[in-house]
file run-v2.cif (mmCIF, C-alpha atoms)
data_protein
loop_
_atom_site.group_PDB
_atom_site.id
_atom_site.type_symbol
_atom_site.label_atom_id
_atom_site.label_comp_id
_atom_site.auth_asym_id
_atom_site.auth_seq_id
_atom_site.Cartn_x
_atom_site.Cartn_y
_atom_site.Cartn_z
ATOM 1 C CA MET A 1 210.517 107.298 23.862
ATOM 2 C CA GLY A 2 213.948 106.849 22.298
ATOM 3 C CA LYS A 3 216.795 109.166 23.308
ATOM 4 C CA ALA A 4 214.616 112.238 23.639
ATOM 5 C CA LEU A 5 216.736 113.570 26.501
ATOM 6 C CA ALA A 6 220.198 112.936 25.065
ATOM 7 C CA GLY A 7 222.476 115.748 26.205
ATOM 8 C CA LYS A 8 220.177 116.704 29.087
ATOM 9 C CA VAL A 9 221.251 116.755 32.732
ATOM 10 C CA ALA A 10 218.912 115.753 35.544
ATOM 11 C CA LEU A 11 219.116 115.649 39.314
ATOM 12 C CA VAL A 12 216.889 113.094 41.006
ATOM 13 C CA ALA A 13 217.050 113.962 44.694
ATOM 14 C CA GLY A 14 216.037 110.822 46.544
ATOM 15 C CA ALA A 15 216.907 108.262 43.867
ATOM 16 C CA THR A 16 217.842 105.367 46.130
ATOM 17 C CA ARG A 17 214.670 103.337 45.658
ATOM 18 C CA GLY A 18 210.977 103.423 44.770
ATOM 19 C CA ALA A 19 209.718 106.243 42.567
ATOM 20 C CA GLY A 20 213.068 108.034 42.641
ATOM 21 C CA ARG A 21 214.884 105.015 41.246
ATOM 22 C CA GLY A 22 212.189 104.474 38.610
ATOM 23 C CA ILE A 23 212.467 108.104 37.520
ATOM 24 C CA ALA A 24 216.260 108.035 37.376
ATOM 25 C CA VAL A 25 216.258 104.877 35.247
ATOM 26 C CA ALA A 26 213.617 106.222 32.867
ATOM 27 C CA LEU A 27 215.596 109.438 32.413
ATOM 28 C CA GLY A 28 218.647 107.326 31.656
ATOM 29 C CA GLU A 29 216.667 105.280 29.159
ATOM 30 C CA ALA A 30 215.863 108.563 27.411
ATOM 31 C CA GLY A 31 219.585 109.355 27.207
ATOM 32 C CA ALA A 32 220.014 111.798 30.094
ATOM 33 C CA THR A 33 222.906 112.202 32.488
ATOM 34 C CA VAL A 34 221.354 111.643 35.914
ATOM 35 C CA TYR A 35 222.752 112.620 39.280
ATOM 36 C CA CYS A 36 221.307 110.075 41.711
ATOM 37 C CA THR A 37 221.382 111.280 45.306
ATOM 38 C CA GLY A 38 220.443 109.782 48.626
ATOM 39 C CA ARG A 39 221.907 108.685 51.934
ATOM 40 C CA SER A 40 222.200 104.923 51.424
ATOM 41 C CA THR A 41 225.460 103.798 49.835
ATOM 42 C CA GLN A 42 227.441 100.601 49.548
ATOM 43 C CA ALA A 43 229.435 101.790 52.555
ATOM 44 C CA ALA A 44 226.585 102.811 54.877
ATOM 45 C CA ARG A 45 222.798 102.661 55.174
ATOM 46 C CA SER A 46 220.525 105.526 56.117
ATOM 47 C CA GLU A 47 218.035 105.393 58.974
ATOM 48 C CA MET A 48 215.731 103.544 56.549
ATOM 49 C CA ASP A 49 218.067 100.550 57.002
ATOM 50 C CA ARG A 50 217.222 99.065 53.622
ATOM 51 C CA PRO A 51 219.604 97.383 51.167
ATOM 52 C CA GLU A 52 219.047 99.605 48.115
ATOM 53 C CA THR A 53 221.869 102.058 47.328
ATOM 54 C CA ILE A 54 222.456 105.056 45.100
ATOM 55 C CA GLU A 55 225.300 103.183 43.404
ATOM 56 C CA GLU A 56 222.815 100.500 42.319
ATOM 57 C CA THR A 57 220.525 103.173 40.919
ATOM 58 C CA ALA A 58 223.365 104.807 38.984
ATOM 59 C CA ALA A 59 224.340 101.426 37.533
ATOM 60 C CA LEU A 60 220.749 100.875 36.410
ATOM 61 C CA VAL A 61 220.783 104.285 34.721
ATOM 62 C CA ASP A 62 223.936 103.263 32.864
ATOM 63 C CA ALA A 63 222.402 99.931 31.841
ATOM 64 C CA ALA A 64 219.325 101.762 30.534
ATOM 65 C CA GLY A 65 221.473 103.815 28.182
ATOM 66 C CA GLY A 66 222.126 106.990 30.142
ATOM 67 C CA ARG A 67 224.884 108.084 32.468
ATOM 68 C CA GLY A 68 224.279 107.615 36.173
ATOM 69 C CA ILE A 69 226.305 109.510 38.770
ATOM 70 C CA ALA A 70 225.788 108.505 42.402
ATOM 71 C CA VAL A 71 226.371 111.215 45.025
ATOM 72 C CA GLN A 72 225.772 110.663 48.727
ATOM 73 C CA VAL A 73 223.799 113.647 49.990
ATOM 74 C CA ASP A 74 221.720 114.322 53.073
ATOM 75 C CA HIS A 75 219.231 116.844 51.730
ATOM 76 C CA LEU A 76 218.596 118.171 55.224
ATOM 77 C CA VAL A 77 222.158 119.544 55.271
ATOM 78 C CA PRO A 78 222.372 122.780 53.246
ATOM 79 C CA ASP A 79 226.142 122.599 52.807
ATOM 80 C CA GLU A 80 225.905 119.135 51.251
ATOM 81 C CA VAL A 81 223.233 120.275 48.804
ATOM 82 C CA ARG A 82 225.179 123.435 47.959
ATOM 83 C CA GLU A 83 228.246 121.331 47.156
ATOM 84 C CA LEU A 84 226.157 118.902 45.092
ATOM 85 C CA VAL A 85 224.871 121.708 42.877
ATOM 86 C CA ALA A 86 228.342 123.240 42.626
ATOM 87 C CA ARG A 87 229.636 119.860 41.468
ATOM 88 C CA ILE A 88 226.905 119.573 38.804
ATOM 89 C CA GLU A 89 227.798 123.040 37.562
ATOM 90 C CA ARG A 90 231.525 122.217 37.474
ATOM 91 C CA GLU A 91 231.020 118.918 35.685
ATOM 92 C CA GLN A 92 228.093 119.729 33.376
ATOM 93 C CA GLY A 93 227.595 123.487 33.358
ATOM 94 C CA VAL A 94 223.811 123.059 33.189
ATOM 95 C CA LEU A 95 220.830 121.439 34.873
ATOM 96 C CA HIS A 96 217.666 120.777 32.861
ATOM 97 C CA VAL A 97 215.506 118.664 35.177
ATOM 98 C CA LEU A 98 215.178 118.670 38.969
ATOM 99 C CA VAL A 99 213.087 115.956 40.627
ATOM 100 C CA ASN A 100 212.452 116.306 44.352
ATOM 101 C CA ASP A 101 211.545 112.817 45.541
ATOM 102 C CA ILE A 102 212.936 113.058 49.058
ATOM 103 C CA PHE A 103 211.181 111.644 52.118
ATOM 104 C CA GLY A 104 212.792 108.735 53.956
ATOM 105 C CA ALA A 105 210.503 108.434 56.970
ATOM 106 C CA THR A 106 211.010 105.066 58.633
ATOM 107 C CA ARG A 107 207.345 104.555 59.459
ATOM 108 C CA ILE A 108 203.858 106.053 59.184
ATOM 109 C CA GLU A 109 201.759 106.390 62.324
ATOM 110 C CA TRP A 110 198.504 105.239 60.746
ATOM 111 C CA GLY A 111 195.408 107.057 61.971
ATOM 112 C CA LYS A 112 197.248 109.024 64.674
ATOM 113 C CA THR A 113 195.903 112.406 65.678
ATOM 114 C CA VAL A 114 198.339 115.193 66.473
ATOM 115 C CA TRP A 115 197.972 114.545 70.207
ATOM 116 C CA GLU A 116 198.431 110.786 69.837
ATOM 117 C CA SER A 117 201.472 111.058 67.578
ATOM 118 C CA ASP A 118 205.096 110.663 68.531
ATOM 119 C CA LEU A 119 205.858 114.390 68.430
ATOM 120 C CA ALA A 120 209.597 114.097 67.841
ATOM 121 C CA PHE A 121 209.078 111.635 65.001
ATOM 122 C CA GLY A 122 206.233 113.700 63.519
ATOM 123 C CA LEU A 123 208.323 116.848 63.448
ATOM 124 C CA HIS A 124 211.261 114.929 61.981
ATOM 125 C CA SER A 125 209.019 113.510 59.247
ATOM 126 C CA LEU A 126 207.959 117.051 58.338
ATOM 127 C CA ARG A 127 211.602 118.011 57.989
ATOM 128 C CA LEU A 128 212.244 114.974 55.795
ATOM 129 C CA ALA A 129 209.248 115.725 53.577
ATOM 130 C CA ILE A 130 209.332 119.518 53.447
ATOM 131 C CA ASP A 131 212.678 121.003 54.461
ATOM 132 C CA THR A 132 214.599 118.678 52.132
ATOM 133 C CA HIS A 133 212.583 119.814 49.120
ATOM 134 C CA ALA A 134 212.911 123.501 50.010
ATOM 135 C CA ILE A 135 216.665 123.243 50.612
ATOM 136 C CA THR A 136 217.243 121.404 47.344
ATOM 137 C CA SER A 137 215.125 123.796 45.288
ATOM 138 C CA HIS A 138 216.862 126.785 46.903
ATOM 139 C CA PHE A 139 220.275 125.689 45.697
ATOM 140 C CA ALA A 140 219.444 123.844 42.456
ATOM 141 C CA ILE A 141 216.939 126.110 40.739
ATOM 142 C CA PRO A 142 219.371 129.003 40.060
ATOM 143 C CA LEU A 143 221.490 126.597 37.970
ATOM 144 C CA LEU A 144 218.393 125.209 36.255
ATOM 145 C CA LEU A 145 217.280 128.724 35.304
ATOM 146 C CA LYS A 146 220.497 129.378 33.374
ATOM 147 C CA THR A 147 219.027 127.344 30.510
ATOM 148 C CA PRO A 148 215.480 128.088 29.240
ATOM 149 C CA GLY A 149 212.928 125.287 29.415
ATOM 150 C CA GLY A 150 213.898 123.748 32.766
ATOM 151 C CA LEU A 151 211.529 121.472 34.669
ATOM 152 C CA VAL A 152 211.086 121.011 38.431
ATOM 153 C CA VAL A 153 208.956 118.070 39.565
ATOM 154 C CA GLU A 154 207.727 117.667 43.135
ATOM 155 C CA ILE A 155 206.946 113.983 43.723
ATOM 156 C CA ASN A 156 204.041 113.439 46.091
ATOM 157 C CA ASP A 157 201.546 110.851 47.301
ATOM 158 C CA GLY A 158 198.123 111.841 46.026
ATOM 159 C CA THR A 159 196.626 114.397 43.702
ATOM 160 C CA GLU A 160 195.147 117.710 44.736
ATOM 161 C CA GLU A 161 191.714 116.377 43.739
ATOM 162 C CA TYR A 162 192.063 113.410 46.095
ATOM 163 C CA ASN A 163 194.071 114.850 48.977
ATOM 164 C CA GLY A 164 192.203 118.139 49.071
ATOM 165 C CA THR A 165 189.103 116.630 50.685
ATOM 166 C CA ARG A 166 190.435 113.413 52.257
ATOM 167 C CA TYR A 167 192.427 112.688 55.389
ATOM 168 C CA ARG A 168 195.741 111.037 54.506
ATOM 169 C CA ASN A 169 196.728 108.494 57.145
ATOM 170 C CA SER A 170 197.758 110.744 60.055
ATOM 171 C CA PHE A 171 198.149 114.386 61.050
ATOM 172 C CA PHE A 172 201.822 114.656 60.157
ATOM 173 C CA TYR A 173 201.616 112.577 56.970
ATOM 174 C CA ASP A 174 198.587 114.553 55.782
ATOM 175 C CA LEU A 175 200.372 117.827 56.452
ATOM 176 C CA SER A 176 203.557 116.767 54.683
ATOM 177 C CA LYS A 177 201.740 115.711 51.519
ATOM 178 C CA ALA A 178 199.644 118.882 51.484
ATOM 179 C CA ALA A 179 202.860 120.887 51.666
ATOM 180 C CA VAL A 180 204.415 119.102 48.685
ATOM 181 C CA LEU A 181 201.291 119.771 46.627
ATOM 182 C CA ARG A 182 201.575 123.426 47.487
ATOM 183 C CA MET A 183 205.258 123.442 46.583
ATOM 184 C CA GLY A 184 204.367 122.313 43.075
ATOM 185 C CA PHE A 185 201.858 125.137 42.848
ATOM 186 C CA ALA A 186 204.240 127.761 44.249
ATOM 187 C CA LEU A 187 207.121 126.699 42.017
ATOM 188 C CA GLY A 188 204.794 126.825 39.033
ATOM 189 C CA HIS A 189 204.040 130.439 39.918
ATOM 190 C CA GLU A 190 207.665 131.385 40.538
ATOM 191 C CA LEU A 191 209.167 129.665 37.499
ATOM 192 C CA LYS A 192 206.600 130.413 34.806
ATOM 193 C CA SER A 193 207.800 133.951 34.105
ATOM 194 C CA ARG A 194 211.403 132.745 34.119
ATOM 195 C CA GLY A 195 211.131 130.257 31.287
ATOM 196 C CA ALA A 196 210.800 127.119 33.424
ATOM 197 C CA THR A 197 208.014 124.880 34.728
ATOM 198 C CA GLY A 198 207.236 123.649 38.224
ATOM 199 C CA LEU A 199 204.542 121.119 39.127
ATOM 200 C CA SER A 200 203.717 118.169 41.373
ATOM 201 C CA LEU A 201 203.407 114.556 40.245
ATOM 202 C CA THR A 202 202.217 111.446 42.043
ATOM 203 C CA PRO A 203 202.492 107.769 41.195
ATOM 204 C CA GLY A 204 199.552 105.522 42.026
ATOM 205 C CA TRP A 205 199.807 102.391 44.183
ATOM 206 C CA LEU A 206 203.515 101.931 43.711
ATOM 207 C CA ARG A 207 205.155 98.530 43.551
ATOM 208 C CA SER A 208 208.227 99.804 45.354
ATOM 209 C CA GLU A 209 210.824 97.450 46.765
ATOM 210 C CA ALA A 210 209.295 97.817 50.222
ATOM 211 C CA MET A 211 205.734 97.262 48.990
ATOM 212 C CA LEU A 212 206.663 94.090 47.116
ATOM 213 C CA GLU A 213 208.442 92.884 50.233
ATOM 214 C CA VAL A 214 205.365 93.511 52.397
ATOM 215 C CA PHE A 215 203.234 91.384 50.054
ATOM 216 C CA GLY A 216 205.882 88.692 49.683
ATOM 217 C CA VAL A 217 206.147 88.995 45.905
ATOM 218 C CA ARG A 218 208.600 90.221 43.271
ATOM 219 C CA GLU A 219 208.087 92.452 40.266
ATOM 220 C CA ASP A 220 207.924 89.400 38.013
ATOM 221 C CA ASN A 221 205.141 87.707 40.021
ATOM 222 C CA TRP A 222 203.411 90.644 41.723
ATOM 223 C CA ARG A 223 199.966 89.564 40.516
ATOM 224 C CA GLU A 224 200.053 86.667 42.976
ATOM 225 C CA ALA A 225 199.323 89.199 45.733
ATOM 226 C CA ILE A 226 196.006 90.223 44.148
ATOM 227 C CA GLU A 227 194.233 87.174 45.544
ATOM 228 C CA ARG A 228 195.007 88.353 49.079
ATOM 229 C CA VAL A 229 194.673 92.089 48.364
ATOM 230 C CA PRO A 230 192.311 92.631 45.412
ATOM 231 C CA GLY A 231 193.016 96.351 45.235
ATOM 232 C CA PHE A 232 196.637 95.596 44.383
ATOM 233 C CA ALA A 233 195.421 94.860 40.859
ATOM 234 C CA ILE A 234 195.683 98.584 40.128
ATOM 235 C CA ALA A 235 199.333 98.772 41.249
ATOM 236 C CA GLU A 236 202.010 100.210 38.996
ATOM 237 C CA SER A 237 205.754 99.760 38.705
ATOM 238 C CA PRO A 238 208.142 102.665 39.388
ATOM 239 C CA ALA A 239 208.759 102.780 35.647
ATOM 240 C CA LEU A 240 205.374 104.420 35.034
ATOM 241 C CA VAL A 241 206.076 107.560 37.047
ATOM 242 C CA GLY A 242 209.562 107.574 35.515
ATOM 243 C CA ARG A 243 208.085 107.592 32.034
ATOM 244 C CA ALA A 244 205.743 110.375 33.128
ATOM 245 C CA VAL A 245 208.720 112.540 34.039
ATOM 246 C CA VAL A 246 210.394 111.741 30.710
ATOM 247 C CA ALA A 247 207.218 112.684 28.836
ATOM 248 C CA LEU A 248 207.046 116.005 30.672
ATOM 249 C CA ALA A 249 210.735 116.758 30.178
ATOM 250 C CA SER A 250 210.434 115.962 26.453
ATOM 251 C CA ASP A 251 207.332 118.080 25.879
ATOM 252 C CA PRO A 252 208.099 121.482 24.274
ATOM 253 C CA ASP A 253 204.752 122.658 25.617
ATOM 254 C CA VAL A 254 205.312 121.417 29.189
ATOM 255 C CA GLY A 255 204.501 124.885 30.495
ATOM 256 C CA ARG A 256 200.789 124.091 30.045
ATOM 257 C CA TRP A 257 201.104 121.992 33.228
ATOM 258 C CA SER A 258 202.663 124.788 35.279
ATOM 259 C CA GLY A 259 201.645 124.646 38.951
ATOM 260 C CA GLN A 260 199.331 121.690 38.447
ATOM 261 C CA SER A 261 198.939 118.451 40.380
ATOM 262 C CA LEU A 262 199.372 115.509 38.001
ATOM 263 C CA SER A 263 199.423 111.710 38.246
ATOM 264 C CA SER A 264 201.324 109.056 36.326
ATOM 265 C CA GLY A 265 198.087 107.369 35.199
ATOM 266 C CA GLN A 266 196.647 110.645 33.950
ATOM 267 C CA LEU A 267 199.778 111.467 31.953
ATOM 268 C CA ALA A 268 199.964 107.947 30.505
ATOM 269 C CA ARG A 269 196.658 108.623 28.772
ATOM 270 C CA VAL A 270 197.751 112.081 27.596
ATOM 271 C CA TYR A 271 201.179 111.093 26.258
ATOM 272 C CA GLY A 272 200.511 107.464 25.362
ATOM 273 C CA PHE A 273 203.283 105.763 27.374
ATOM 274 C CA THR A 274 202.662 102.547 29.305
ATOM 275 C CA ASP A 275 203.872 100.593 32.291
ATOM 276 C CA LEU A 276 206.276 97.675 31.853
ATOM 277 C CA ASP A 277 203.408 95.305 31.015
ATOM 278 C CA GLY A 278 201.932 97.592 28.369
ATOM 279 C CA SER A 279 199.055 98.772 30.577
ATOM 280 C CA GLN A 280 198.135 102.288 31.737
ATOM 281 C CA PRO A 281 197.079 101.903 35.385
ATOM 282 C CA ASP A 282 195.287 104.933 36.819
ATOM 283 C CA ALA A 283 195.038 104.320 40.552
ATOM 284 C CA TRP A 284 193.779 107.750 41.600
ATOM 285 C CA ARG A 285 190.921 107.780 39.070
ATOM 286 C CA HIS A 286 190.091 104.241 40.193
ATOM 287 C CA MET A 287 189.954 105.282 43.858
ATOM 288 C CA LEU A 288 187.761 108.287 43.137
ATOM 289 C CA ASP A 289 185.320 106.279 41.018
ATOM 290 C CA SER A 290 185.280 103.431 43.549
ATOM 291 C CA GLU A 291 183.753 105.780 46.093
ATOM 292 C CA LYS A 292 180.746 106.200 43.794
ATOM 293 C CA GLY A 293 180.098 102.479 43.411
ATOM 294 C CA GLU A 294 181.563 99.171 42.311
ATOM 295 C CA VAL A 295 183.989 99.413 39.385
ATOM 296 C CA ASP A 296 186.057 96.972 37.345
ATOM 297 C CA VAL A 297 189.804 97.394 37.853
ATOM 298 C CA ALA A 298 190.361 96.284 34.255
ATOM 299 C CA ASP A 299 188.744 99.532 33.124
ATOM 300 C CA TYR A 300 191.558 101.466 34.813
ATOM 301 C CA ARG A 301 194.599 99.640 33.411
#
call {"tool": "encode", "arguments": {"input": "run-v2.cif", "output": "structure tokens"}}
result
Amino acid sequence: MGKALAGKVALVAGATRGAGRGIAVALGEAGATVYCTGRSTQAARSEMDRPETIEETAALVDAAGGRGIAVQVDHLVPDEVRELVARIEREQGVLHVLVNDIFGATRIEWGKTVWESDLAFGLHSLRLAIDTHAITSHFAIPLLLKTPGGLVVEINDGTEEYNGTRYRNSFFYDLSKAAVLRMGFALGHELKSRGATGLSLTPGWLRSEAMLEVFGVREDNWREAIERVPGFAIAESPALVGRAVVALASDPDVGRWSGQSLSSGQLARVYGFTDLDGSQPDAWRHMLDSEKGEVDVADYR
């Protein structure tokens, strides 16, 4: 995609690992200045207790050809987010792209009803998934609106087509992902008349650091896990959703997607970008078609 975003400023809220890191690096590859926020730093880990840090992400943005700026922020703390946005305005004067990829729940209570769930953890997970996005949008969007053509992307797990009629893992997880979908819709409505675009975007089966660890593989040998878990054949690297964000941010007609629920695989076909291996995996289309009968994964890469 070249340096399509040279001179642009982006904030990736929740850039420590996974999709957030992939998005930050892709934006850097396109030439953007990227503020990479999160709670895990070289000095201290968040409650996730994982080794990835925002400093690592910023360094990867630099190596990709952009400028990465790591800022430790707890997006549940309004004062920290307010200061983050004030810093971006002082240092850059503008904000062109806001990506809300904040979650950070330490576990998912698979298949738990509301009455079976750990209530304190469930309510905390809602705060992590919902309050963080609302707080960040509240403070960041006024700066974004100072320049026409801004883009706000709500990163989610699942499309509206899939999540709308299917139970997602547990009561609290299902509710949190439904809320993020609705945020994309609401922001689309609120921003459209103000010269900006809001939408939601989901990766497919993401080969995040944690997912690779669970399957005992690395990004360079991830296919070895397919023998044990055949469905993993449709997995995608974090680069794919990153390239989806770059494609959206580079599109002069991005407003056509206002308020919509999109997926990385869907946009790969529209814009023509690929994953690291040159494929175009479309996990959500694969899952939907699989419910109708046996399908060949190769037809969805």
call {"tool": "closest_atom_pairs", "arguments": {"input": "run-v2.cif", "of": "segment 274-296 of chain A", "to": "segment 243-265 of chain A", "cutoff": "7 Å", "atoms": "all atoms listed in the file", "output": "CSV"}}
result
residue,atom,partner,partner_atom,distance
A:Gln280,CA,A:Gly265,CA,6.1
A:Pro281,CA,A:Gly265,CA,5.6
A:Asp282,CA,A:Gly265,CA,4.0
A:Ala283,CA,A:Gly265,CA,6.9
call {"tool": "write_last_selection", "arguments": {"input": "run-v2.cif", "atoms": "C-alpha atoms", "output": "PDB file, in the coordinates of the input"}}
result
ATOM      1  CA  GLN A 280     198.135 102.288  31.737  1.00  0.00           C
ATOM      2  CA  PRO A 281     197.079 101.903  35.385  1.00  0.00           C
ATOM      3  CA  ASP A 282     195.287 104.933  36.819  1.00  0.00           C
ATOM      4  CA  ALA A 283     195.038 104.320  40.552  1.00  0.00           C
TER       5      ALA A 283
END
call {"tool": "closest_residue", "arguments": {"input": "run-v2.cif", "among": "A:Val241, A:Met211, A:Ala70, A:Val180", "to": "Thr159 of chain A", "atoms": "all atoms listed in the file"}}
result
A:Val180
call {"tool": "resolve_selection", "arguments": {"input": "run-v2.cif", "expression": "the PyMOL selection byres ((chain A and resi 59-63) around 10)", "output": "list in words"}}
result
Arg21, Gly22, Ile23, Ala24, Val25, Ala26, Leu27, Gly28, Glu29, Ala30, Gly31, Ala32, Thr33, Val34, Tyr35, Cys36, Ile54, Glu55, Glu56, Thr57, Ala58, Ala64, Gly65, Gly66, Arg67, Gly68, Ile69 and Ala70 of chain A
call {"tool": "write_last_selection", "arguments": {"input": "run-v2.cif", "atoms": "C-alpha atoms", "output": "PDB file, keeping the file's coordinate frame"}}
result
ATOM      1  CA  ARG A  21     214.884 105.015  41.246  1.00  0.00           C
ATOM      2  CA  GLY A  22     212.189 104.474  38.610  1.00  0.00           C
ATOM      3  CA  ILE A  23     212.467 108.104  37.520  1.00  0.00           C
ATOM      4  CA  ALA A  24     216.260 108.035  37.376  1.00  0.00           C
ATOM      5  CA  VAL A  25     216.258 104.877  35.247  1.00  0.00           C
ATOM      6  CA  ALA A  26     213.617 106.222  32.867  1.00  0.00           C
ATOM      7  CA  LEU A  27     215.596 109.438  32.413  1.00  0.00           C
ATOM      8  CA  GLY A  28     218.647 107.326  31.656  1.00  0.00           C
ATOM      9  CA  GLU A  29     216.667 105.280  29.159  1.00  0.00           C
ATOM     10  CA  ALA A  30     215.863 108.563  27.411  1.00  0.00           C
ATOM     11  CA  GLY A  31     219.585 109.355  27.207  1.00  0.00           C
ATOM     12  CA  ALA A  32     220.014 111.798  30.094  1.00  0.00           C
ATOM     13  CA  THR A  33     222.906 112.202  32.488  1.00  0.00           C
ATOM     14  CA  VAL A  34     221.354 111.643  35.914  1.00  0.00           C
ATOM     15  CA  TYR A  35     222.752 112.620  39.280  1.00  0.00           C
ATOM     16  CA  CYS A  36     221.307 110.075  41.711  1.00  0.00           C
ATOM     17  CA  ILE A  54     222.456 105.056  45.100  1.00  0.00           C
ATOM     18  CA  GLU A  55     225.300 103.183  43.404  1.00  0.00           C
ATOM     19  CA  GLU A  56     222.815 100.500  42.319  1.00  0.00           C
ATOM     20  CA  THR A  57     220.525 103.173  40.919  1.00  0.00           C
ATOM     21  CA  ALA A  58     223.365 104.807  38.984  1.00  0.00           C
ATOM     22  CA  ALA A  64     219.325 101.762  30.534  1.00  0.00           C
ATOM     23  CA  GLY A  65     221.473 103.815  28.182  1.00  0.00           C
ATOM     24  CA  GLY A  66     222.126 106.990  30.142  1.00  0.00           C
ATOM     25  CA  ARG A  67     224.884 108.084  32.468  1.00  0.00           C
ATOM     26  CA  GLY A  68     224.279 107.615  36.173  1.00  0.00           C
ATOM     27  CA  ILE A  69     226.305 109.510  38.770  1.00  0.00           C
ATOM     28  CA  ALA A  70     225.788 108.505  42.402  1.00  0.00           C
TER      29      ALA A  70
END
call {"tool": "atom_distance", "arguments": {"input": "run-v2.cif", "atom1": "atom CA of Ala10 of chain A", "atom2": "atom CA of Glu89 of chain A"}}
result
11.7 Å
call {"tool": "resolve_selection", "arguments": {"input": "run-v2.cif", "expression": "the PyMOL selection byres ((chain A and resi 120-132) around 8)", "output": "short mmCIF file (atom, residue, chain, number, x, y, z; two decimals) with C-alpha atoms, in the coordinates of the input"}}
result
data_model
loop_
_atom_site.label_atom_id
_atom_site.label_comp_id
_atom_site.auth_asym_id
_atom_site.auth_seq_id
_atom_site.Cartn_x
_atom_site.Cartn_y
_atom_site.Cartn_z
CA HIS A 75 219.23 116.84 51.73
CA LEU A 76 218.60 118.17 55.22
CA ILE A 102 212.94 113.06 49.06
CA PHE A 103 211.18 111.64 52.12
CA GLY A 104 212.79 108.74 53.96
CA ALA A 105 210.50 108.43 56.97
CA SER A 117 201.47 111.06 67.58
CA ASP A 118 205.10 110.66 68.53
CA LEU A 119 205.86 114.39 68.43
CA HIS A 133 212.58 119.81 49.12
CA ALA A 134 212.91 123.50 50.01
CA ILE A 135 216.66 123.24 50.61
CA THR A 136 217.24 121.40 47.34
CA PHE A 172 201.82 114.66 60.16
CA TYR A 173 201.62 112.58 56.97
CA LEU A 175 200.37 117.83 56.45
CA SER A 176 203.56 116.77 54.68
CA LYS A 177 201.74 115.71 51.52
CA ALA A 179 202.86 120.89 51.67
CA VAL A 180 204.42 119.10 48.68
#
call {"tool": "resolve_selection", "arguments": {"input": "run-v2.cif", "expression": "the PyMOL selection byres ((chain A and resi 286) around 10)", "output": "JSON, numbers by chain"}}
result
{"A": [204, 231, 234, 265, 281, 282, 283, 284, 285, 287, 288, 289, 290, 291, 295, 296, 297, 298, 299, 300, 301]}
call {"tool": "atom_distance", "arguments": {"input": "run-v2.cif", "atom1": "atom CA of Ser170 of chain A", "atom2": "atom CA of Lys112 of chain A"}}
result
5.0 Å
call {"tool": "atom_distance", "arguments": {"input": "run-v2.cif", "atom1": "atom CA of Glu227 of chain A", "atom2": "atom CA of Arg50 of chain A"}}
result
27.1 Å
call {"tool": "closest_residue", "arguments": {"input": "run-v2.cif", "among": "A:Leu5, A:Leu145, A:Ile155, A:Val229", "to": "Glu190 of chain A", "atoms": "all atoms listed in the file"}}
result
A:Leu145
call {"tool": "residues_around", "arguments": {"input": "run-v2.cif", "residues": "segment 182-187 of chain A", "least_positions_apart": "6", "cutoff": "6 Å", "atoms": "all atoms listed in the file", "output": "ChimeraX atom specification"}}
result
/A:154,198-200,259
call {"tool": "write_last_selection", "arguments": {"input": "run-v2.cif", "atoms": "C-alpha atoms", "output": "CSV table (one decimal), in the frame of the given file"}}
result
chain,number,residue,atom,x,y,z
A,154,GLU,CA,207.7,117.7,43.1
A,198,GLY,CA,207.2,123.6,38.2
A,199,LEU,CA,204.5,121.1,39.1
A,200,SER,CA,203.7,118.2,41.4
A,259,GLY,CA,201.6,124.6,39.0
